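Structure file query_19.pdb (PDB, C-alpha atoms and all ligand atoms) is printed below.
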MODEL        1
ATOM      1  CA  MET A1011      50.332 289.700 137.824
ATOM      2  CA  ALA A1012      49.348 293.308 137.248
ATOM      3  CA  ASP A1013      51.715 295.247 135.007
ATOM      4  CA  ILE A1014      52.571 298.892 135.584
ATOM      5  CA  PHE A1015      49.809 300.149 133.287
ATOM      6  CA  ASP A1016      47.234 297.960 135.095
ATOM      7  CA  GLN A1017      48.386 299.671 138.285
ATOM      8  CA  ILE A1018      48.019 303.143 136.740
ATOM      9  CA  ILE A1019      44.527 302.247 135.456
ATOM     10  CA  ALA A1020      43.588 300.970 138.926
ATOM     11  CA  GLY A1021      44.840 304.208 140.481
ATOM     12  CA  GLU A1022      47.444 302.328 142.495
ATOM     13  CA  ILE A1023      50.310 304.389 141.132
ATOM     14  CA  PRO A1024      50.052 307.976 139.894
ATOM     15  CA  ALA A1025      50.085 309.200 136.325
ATOM     16  CA  TYR A1026      49.569 312.503 134.578
ATOM     17  CA  LYS A1027      46.185 311.706 133.109
ATOM     18  CA  ILE A1028      44.982 313.292 129.887
ATOM     19  CA  TYR A1029      41.758 311.483 129.070
ATOM     20  CA  GLU A1030      39.739 308.625 130.484
ATOM     21  CA  ASP A1031      36.554 306.791 129.590
ATOM     22  CA  ASP A1032      35.212 303.302 130.250
ATOM     23  CA  ASP A1033      37.544 301.695 127.718
ATOM     24  CA  VAL A1034      40.797 303.674 127.619
ATOM     25  CA  LEU A1035      43.175 305.865 129.569
ATOM     26  CA  ALA A1036      45.609 308.414 128.103
ATOM     27  CA  PHE A1037      48.465 309.775 130.203
ATOM     28  CA  LEU A1038      51.888 311.363 129.767
ATOM     29  CA  ASP A1039      54.731 308.983 129.013
ATOM     30  CA  ILE A1040      57.194 309.475 131.829
ATOM     31  CA  SER A1041      60.097 309.579 129.360
ATOM     32  CA  GLN A1042      58.780 312.599 127.369
ATOM     33  CA  VAL A1043      60.787 311.826 124.234
ATOM     34  CA  THR A1044      59.439 315.240 123.248
ATOM     35  CA  PRO A1045      57.196 317.517 125.333
ATOM     36  CA  GLY A1046      53.627 316.207 125.222
ATOM     37  CA  HIS A1047      54.585 312.551 124.590
ATOM     38  CA  THR A1048      51.385 310.701 125.490
ATOM     39  CA  LEU A1049      50.365 307.046 125.811
ATOM     40  CA  LEU A1050      46.907 305.772 124.899
ATOM     41  CA  VAL A1051      46.149 302.492 126.666
ATOM     42  CA  PRO A1052      43.145 300.137 126.623
ATOM     43  CA  LYS A1053      41.944 299.556 130.183
ATOM     44  CA  GLN A1054      41.243 295.891 129.567
ATOM     45  CA  HIS A1055      44.412 293.862 129.506
ATOM     46  CA  TYR A1056      45.411 293.351 125.890
ATOM     47  CA  THR A1057      49.070 292.371 125.845
ATOM     48  CA  ASN A1058      49.537 293.813 122.387
ATOM     49  CA  ILE A1059      47.806 294.312 119.052
ATOM     50  CA  PHE A1060      47.738 290.588 118.366
ATOM     51  CA  ASP A1061      45.062 290.272 121.090
ATOM     52  CA  TYR A1062      42.814 293.023 119.712
ATOM     53  CA  ASP A1063      39.160 292.355 118.944
ATOM     54  CA  GLU A1064      37.037 294.542 116.692
ATOM     55  CA  ALA A1065      35.605 296.654 119.512
ATOM     56  CA  ILE A1066      38.955 297.824 120.905
ATOM     57  CA  THR A1067      40.346 298.241 117.390
ATOM     58  CA  ASN A1068      37.532 300.613 116.473
ATOM     59  CA  LYS A1069      37.837 302.490 119.742
ATOM     60  CA  ILE A1070      41.604 303.000 119.559
ATOM     61  CA  MET A1071      41.651 303.873 115.867
ATOM     62  CA  THR A1072      38.924 306.441 116.384
ATOM     63  CA  LEU A1073      40.569 308.013 119.411
ATOM     64  CA  ILE A1074      44.101 308.302 118.022
ATOM     65  CA  PRO A1075      43.299 311.111 115.535
ATOM     66  CA  ALA A1076      41.170 312.965 118.089
ATOM     67  CA  LEU A1077      43.894 312.780 120.723
ATOM     68  CA  ALA A1078      46.555 313.755 118.181
ATOM     69  CA  LYS A1079      44.579 316.869 117.260
ATOM     70  CA  ALA A1080      44.055 317.798 120.908
ATOM     71  CA  ILE A1081      47.782 317.462 121.643
ATOM     72  CA  LYS A1082      48.738 319.441 118.530
ATOM     73  CA  ALA A1083      46.343 322.228 119.491
ATOM     74  CA  THR A1084      48.293 322.863 122.718
ATOM     75  CA  ASP A1085      51.313 324.393 120.988
ATOM     76  CA  PRO A1086      51.793 325.962 117.539
ATOM     77  CA  ALA A1087      55.395 324.693 117.648
ATOM     78  CA  ILE A1088      54.050 321.136 117.283
ATOM     79  CA  THR A1089      54.345 320.657 113.533
ATOM     80  CA  GLY A1090      54.146 316.867 113.350
ATOM     81  CA  MET A1091      53.528 313.739 115.362
ATOM     82  CA  ASN A1092      54.908 310.214 115.378
ATOM     83  CA  ILE A1093      52.340 307.597 116.373
ATOM     84  CA  SER A1094      53.578 304.113 117.073
ATOM     85  CA  SER A1095      53.045 300.953 119.026
ATOM     86  CA  ASN A1096      55.670 298.349 119.785
ATOM     87  CA  ASN A1097      54.131 294.880 119.720
ATOM     88  CA  GLY A1098      56.184 292.063 121.180
ATOM     89  CA  GLU A1099      59.628 292.021 122.752
ATOM     90  CA  SER A1100      61.269 291.615 119.357
ATOM     91  CA  ALA A1101      59.664 294.926 118.370
ATOM     92  CA  GLY A1102      60.939 296.680 121.491
ATOM     93  CA  GLN A1103      57.812 296.387 123.649
ATOM     94  CA  THR A1104      58.934 296.814 127.252
ATOM     95  CA  VAL A1105      55.547 297.026 129.019
ATOM     96  CA  PRO A1106      53.383 293.953 128.271
ATOM     97  CA  HIS A1107      50.132 295.919 128.091
ATOM     98  CA  SER A1108      49.155 297.363 124.710
ATOM     99  CA  HIS A1109      49.879 301.071 124.340
ATOM    100  CA  TRP A1110      50.125 303.687 121.633
ATOM    101  CA  HIS A1111      52.773 306.395 121.646
ATOM    102  CA  LEU A1112      51.809 309.867 120.416
ATOM    103  CA  ILE A1113      55.053 311.814 120.141
ATOM    104  CA  PRO A1114      54.729 315.475 119.119
ATOM    105  CA  ARG A1115      57.402 316.689 116.725
ATOM    106  CA  TYR A1116      58.918 320.159 116.668
ATOM    107  CA  ASP A1117      60.893 321.630 113.793
ATOM    108  CA  ASP A1118      63.909 322.045 116.058
ATOM    109  CA  ASP A1119      63.679 318.806 118.069
ATOM    110  CA  ASP A1120      66.869 317.384 116.554
ATOM    111  CA  LEU A1121      65.441 313.866 116.298
ATOM    112  CA  ASN A1122      65.751 311.815 113.160
ATOM    113  CA  ASP A1123      62.930 312.645 110.734
ATOM    114  CA  THR A1124      61.241 309.286 110.811
ATOM    115  CA  LEU A1125      62.785 307.048 113.440
ATOM    116  CA  VAL A1126      62.126 308.121 117.005
ATOM    117  CA  PRO A1127      64.677 306.498 119.277
ATOM    118  CA  THR A1128      63.913 305.536 122.848
ATOM    119  CA  ILE A1129      65.044 308.510 124.865
ATOM    120  CA  ASP A1130      64.457 309.080 128.568
ATOM    121  CA  ASN A1131      64.194 312.788 129.310
ATOM    122  CA  SER A1132      62.495 312.286 132.673
ATOM    123  CA  ALA A1133      65.467 313.793 134.529
ATOM    124  CA  ASN A1134      64.519 317.117 132.926
ATOM    125  CA  TYR A1135      60.957 317.021 134.314
ATOM    126  CA  ASP A1136      59.650 317.646 137.812
ATOM    127  CA  GLN A1137      56.042 317.166 138.960
ATOM    128  CA  GLU A1138      55.147 320.737 138.055
ATOM    129  CA  ALA A1139      56.515 320.387 134.525
ATOM    130  CA  TYR A1140      54.521 317.197 133.907
ATOM    131  CA  GLU A1141      51.379 318.732 135.394
ATOM    132  CA  THR A1142      51.704 321.851 133.222
ATOM    133  CA  ILE A1143      51.818 319.751 130.042
ATOM    134  CA  ALA A1144      49.051 317.385 131.181
ATOM    135  CA  THR A1145      46.780 320.324 132.070
ATOM    136  CA  GLN A1146      47.317 321.942 128.669
ATOM    137  CA  ILE A1147      46.366 318.752 126.844
ATOM    138  CA  ARG A1148      43.390 318.029 129.132
ATOM    139  CA  GLU A1149      42.071 321.537 128.480
ATOM    140  CA  SER A1150      42.526 321.027 124.758
ATOM    141  CA  VAL A1151      40.530 317.785 124.995
ATOM    142  CA  GLU A1152      37.790 319.669 126.853
ATOM    143  CA  ASP A1153      37.839 322.483 124.284
ATOM    144  CA  SER A1154      37.099 319.913 121.605
ATOM    145  CA  HIS A1155      34.245 318.565 123.795
ATOM    146  CA  GLY A1156      35.942 315.293 124.579
ATOM    147  CA  LEU A1157      37.566 312.954 122.150
TER
HETATM  148  P1  LIG A1201      57.442 300.497 125.013
HETATM  149  O1  LIG A1201      58.939 300.481 125.108
HETATM  150  O2  LIG A1201      56.896 300.801 123.663
HETATM  151  O3  LIG A1201      56.830 299.273 125.646
HETATM  152  O4  LIG A1201      56.982 301.764 125.858
HETATM  153  C1  LIG A1201      56.827 301.733 127.248
HETATM  154  C2  LIG A1201      56.743 303.171 127.658
HETATM  155  O5  LIG A1201      56.172 303.234 128.951
HETATM  156  C3  LIG A1201      58.115 303.875 127.735
HETATM  157  O6  LIG A1201      58.148 304.957 126.804
HETATM  158  C4  LIG A1201      58.168 304.344 129.190
HETATM  159  O7  LIG A1201      58.742 305.627 129.318
HETATM  160  C5  LIG A1201      56.719 304.350 129.602
HETATM  161  N1  LIG A1201      56.482 304.196 131.031
HETATM  162  C6  LIG A1201      56.954 303.209 131.833
HETATM  163  N2  LIG A1201      56.520 303.379 133.101
HETATM  164  C7  LIG A1201      55.734 304.492 133.088
HETATM  165  C8  LIG A1201      54.984 305.189 134.087
HETATM  166  N3  LIG A1201      54.939 304.776 135.364
HETATM  167  N4  LIG A1201      54.299 306.300 133.713
HETATM  168  C9  LIG A1201      54.349 306.735 132.439
HETATM  169  N5  LIG A1201      55.027 306.116 131.457
HETATM  170  C10 LIG A1201      55.711 305.018 131.764
ENDMDL
END

Could you show the structure in this file as structure tokens?
Ligand code: AMP
Amino acid sequence: MADIFDQIIAGEIPAYKIYEDDDVLAFLDISQVTPGHTLLVPKQHYTNIFDYDEAITNKIMTLIPALAKAIKATDPAITGMNISSNNGESAGQTVPHSHWHLIPRYDDDDLNDTLVPTIDNSANYDQEAYETIATQIRESVEDSHGL
């Protein structure tokens, strides 16, 4: 059965898309632990990192720094970034389709320095607020001529 990220990739449910090519899709995480929180997802169904082959490993590991730089370039207040992937239920993976969290950090974000808890801030965001952030990051990706 298709998981929620399969449905986003298929265009069956909407997402605030940041970047797309034949192999991956990046879009805003609905929870926005901090503003700009983005997910990078392989389009092919890999449940988690334990399924990865060399091709998707190379692709993801190349794209993560490029996407991180593009997100950081959207706001001088972004002074750091947590990048993580939960692999397996025991590790807190809730969507069974591999994904990478890029969570911008701000000096005043009041989160613990190293451990980013699961926080759902979606109640603070309407469609316009998501679209504003997604547009900023998309434009930053374009400014760097893709990823
Ligand atoms: P994890 O707990 O690491 O599996 O992360 C799953 C992430 O997917 C959570 O941070 C959710 O906020 C996010 N998420 C779930 N559904 C959606 C959706 N429809 N659009 C964007 N992000 C989503």

Next item on the list: Tell me which residues the PyMOL selection byres (((chain A and resi 1043-1048) around 9) and not hetatm) grabs here, as a PyMOL selection string.
Entry: chain A and resi 1028+1036-1042+1049-1050+1081-1082+1084+1110-1116+1119+1126-1132+1140+1143-1144+1147

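Here, the PyMOL selection byres (((chain A and resi 1091-1108) around 8) and not hetatm) matches Asp1013, Ile1014, Phe1015, Asp1016, Val1051, Pro1052, His1055, Tyr1056, Thr1057, Asn1058, Ile1059, Phe1060, Ala1078, Ile1088, Thr1089, Gly1090, His1109, Trp1110, His1111, Leu1112, Ile1113, Pro1114, Arg1115, Thr1124 and Val1126 of chain A.
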
Centre and edges of the region 1017-1030 of chain A box, axis-aligned, 8 Å extra per side, as lines of an AutoDock Vina configuration file:
center_x = 45.0
center_y = 306.5
center_z = 135.8
size_x = 26.6
size_y = 29.6
size_z = 29.4

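Compared by their closest atoms to ligand LIG 1201 (chain A), and using all atoms listed in the file, the residues A:Tyr1026, A:Gly1021, A:Ile1070, A:Asp1031 rank with A:Tyr1026 nearest.
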
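Each of A:Ala1065, A:Ala1080, A:Leu1035, A:Met1011 was checked against ligand LIG 1201 (chain A) using all atoms listed in the file; the smallest atom-to-atom distance is that of A:Leu1035.
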
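Reported to one decimal place, the separation of atom P1 of ligand LIG 1201 (chain A) from CA of Ser1150 (chain A) is 25.4 Å.
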
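Shortest atom-to-atom contact with Tyr1029 (chain A) among A:Met1071, A:Ala1087, A:Ala1012, A:Leu1077: A:Leu1077, counting all atoms listed in the file.
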
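Between atom N2 of ligand LIG 1201 (chain A) and CA of Lys1027 (chain A) lies a distance of 13.3 Å.
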
Next item on the list: One decimal, Å: what's the distance from CA of Asn1068 (chain A) over to CA of Gln1054 (chain A), could you say?
Entry: 14.4 Å

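The shortest atom-to-atom distance to ligand LIG 1201 (chain A), with all atoms listed in the file taken into account, belongs to A:Glu1022 out of A:Asp1033, A:Glu1152, A:Asp1063, A:Glu1022.
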
Notebook entry, point to check: Which one is closest to Leu1073 (chain A): A:Ala1133, A:Ala1020, A:Val1034, A:Ala1025? Count all atoms listed in the file.
Noted result: A:Val1034

Note to self: Could you list, as a VMD selection string, every residue matched by the PyMOL selection byres (((chain A and resi 1157) around 8) and not hetatm) in this structure?
What the structure shows: chain A and resid 1073 1076 to 1077 1151 1154 to 1156
